[in-house]
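Reading through the C-alpha cells given below for one structure.
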Amino acid sequence: MFTGIVEEVGVLKSFSPDTSRLTVSARKVLGGTNLGDSLSVNGACLTVTSLAADSFTVEVMAETLRRTTLGQMHPGAAVNLERALTFSSRVGGHLVQGHVDATGRLRSFAAESGATLARFSIPRDLGRYVVEKGFIAVEGVSLTIVACDATSFTVSLVGFTRQNTNLGSKNIGDVVNLEVDIIAKYVEKLAQPRQVGAGVTMEFLAEHGFVRR
C-alpha cells in the first residue's frame, strides 16, 4: 500500500524482456529497503529481488506488462518511486494499492495561476469511477480530479509536483499508468442488486430442512 506521494525520481537502467527483470537507479528509496520489499515504480507495486549500492532490481510479471507502460520504457527513462506505507506514516495523498488498472494518454496542458492543468484520457470502463474532487493515481502520483467526463479527467499540478515527479517531463500524447480509487469499485459492487435465489442448491435446501435427502 502506498500514499501516492513520490519520494524520488529514479532512472531506468535496464529492462530484459527475456527475464522480465527491470533495474532502476535510485538513492533515497534504497534506505531501509530489503529483499522482498515492495516499491512503487510509476505506480506499479513491484517486489525487490536484488539490491545494489545505487540501484534495485524487480521482476515484472506478464499481467503488469499488459496493464502498464513498464514494458514500453527504454533505459534512461525517469520513473516515480515510493516505498510502501507503514502504519506510522502520514498519509499525505490517498491509499494507493500499486495495482495499475489501465493506461491513458496526456491530452493537454494549460497554465492556470501558477499551476498547470493537465488533461488525461481514461478508458470508458474506468471513467465511471472518476468523480470531481475524487482521487486518482497517475504514474503513482496521488492527484485530485478537478474536472472529468466519460473519457477524460483534468488535474491541477503545482510546481512542486512537476519538479519532483516525472509528470513535469511528459509530452502531449505520452502514455501514463492509471489507478482509480479502490473504494469506488467496492461501492459499485455492493450497490448491485443481488439475484434472488443465487447460491441456493439442493444441499442448502436439505441442510435447512426444506427437502429430504
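Chain labels run A, B, ... following the order of the C-alpha cells; each chain numbers its residues from 1, and ligands are numbered from 1 in the order shown.
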Residues of region 19-81 of chain A within 7 Å of region 135-154 of chain A: nearest atom pair and distance (Å, one decimal) for each, counting only C-alpha atoms, sorted by chain and number, as a Markdown table?
```
| residue | atom | partner | partner_atom | distance |
| --- | --- | --- | --- | --- |
| A:Asn42 | CA | A:Glu139 | CA | 4.3 |
| A:Gly43 | CA | A:Gly140 | CA | 3.3 |
| A:Asn80 | CA | A:Gly140 | CA | 6.8 |
```
(message) Ranking A:Val6, A:Val158, A:Val176, A:Val29 by minimum distance to Glu112 (chain A) and counting only C-alpha atoms, which one comes first?
(response)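 With only C-alpha atoms as the atom set, the closest residue is A:Val158.
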(request) Would you list, as a PyMOL selection string, the residues of chain A that end up in strand (DSSP E or B) under DSSP run on this structure's backbone? (result) chain A and resi 2+8-16+21-25+38-41+44-51+55-59+78-83+96+102-112+115-121+135-138+141-148+152-157+175-180
Wanna dump the region 84-128 of chain A-region 55-69 of chain A contacts at 12 Å for me, each residue with its shortest atom pair and the distance in Å to one decimal, counting only C-alpha atoms, ordered by chain and number, as JSON lines?
```
{"residue": "A:Gly98", "atom": "CA", "partner": "A:Thr64", "partner_atom": "CA", "distance": 10.4}
{"residue": "A:His99", "atom": "CA", "partner": "A:Thr64", "partner_atom": "CA", "distance": 8.4}
{"residue": "A:Val100", "atom": "CA", "partner": "A:Arg67", "partner_atom": "CA", "distance": 6.4}
{"residue": "A:Asp101", "atom": "CA", "partner": "A:Arg67", "partner_atom": "CA", "distance": 6.4}
{"residue": "A:Ala102", "atom": "CA", "partner": "A:Arg67", "partner_atom": "CA", "distance": 5.2}
{"residue": "A:Thr103", "atom": "CA", "partner": "A:Thr68", "partner_atom": "CA", "distance": 6.1}
{"residue": "A:Gly104", "atom": "CA", "partner": "A:Thr68", "partner_atom": "CA", "distance": 9.6}
{"residue": "A:Arg105", "atom": "CA", "partner": "A:Thr69", "partner_atom": "CA", "distance": 10.9}
```
Atoms kept (C-alpha atoms) for selection, written as a PDB file, in the first residue's frame:
```
ATOM      1  CA  GLY A  98       0.015  -0.011  -6.748  1.00  0.00           C
ATOM      2  CA  HIS A  99      -2.314  -2.184  -8.847  1.00  0.00           C
ATOM      3  CA  VAL A 100      -2.477  -0.252 -12.100  1.00  0.00           C
ATOM      4  CA  ASP A 101      -5.909  -0.526 -13.748  1.00  0.00           C
ATOM      5  CA  ALA A 102      -5.013   0.673 -17.235  1.00  0.00           C
ATOM      6  CA  THR A 103      -3.127   3.306 -19.173  1.00  0.00           C
ATOM      7  CA  GLY A 104      -4.247   6.666 -20.507  1.00  0.00           C
ATOM      8  CA  ARG A 105      -2.695   9.473 -22.537  1.00  0.00           C
TER       9      ARG A 105
END
```
(message) Rounded to one decimal, what separation in Å do you get between CA of Tyr186 (chain A) and CA of Leu157 (chain A)?
(response)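 Between these atoms lies a distance of 28.1 Å.
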(message) Report, in Å to a single decimal, how far apart CA of Ala44 (chain A) and CA of Pro123 (chain A) are.
(response)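 For CA of Pro123 (chain A) relative to CA of Ala44 (chain A), the distance reads 18.0 Å.
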(request) Name all residues at most 9 Å from Val9 (chain A) (count only C-alpha atoms; drop same-chain ones fewer than 5 positions away) and give them as a ChimeraX atom specification. (result) /A:26,78-82,164-166
(request) Within region 1-62 of chain A, find each residue whose DSSP state, derived from the backbone, is helix (DSSP H, G or I), and express the selection as a PyMOL selection string. (result) chain A and resi 28-30+62
Next, dump the selected residues to file, keeping only C-alpha atoms, as a compact mmCIF listing (two decimals), in the first residue's frame.
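Once everything was written out, this is again-v3.txt:
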```
# COMPACT_ATOMS: atom_id res chain seq x y z
CA LYS A 28 16.53 7.69 -1.29
CA VAL A 29 14.17 4.72 -1.63
CA LEU A 30 17.02 2.29 -1.02
CA ALA A 62 3.03 -10.60 -17.63
```
(request) Would you mind reading off the distance between CA of Thr116 (chain A) and CA of Lys170 (chain A), one decimal, in Å? (result)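 Computing the Euclidean distance for CA of Thr116 (chain A) and CA of Lys170 (chain A) yields 12.4 Å.
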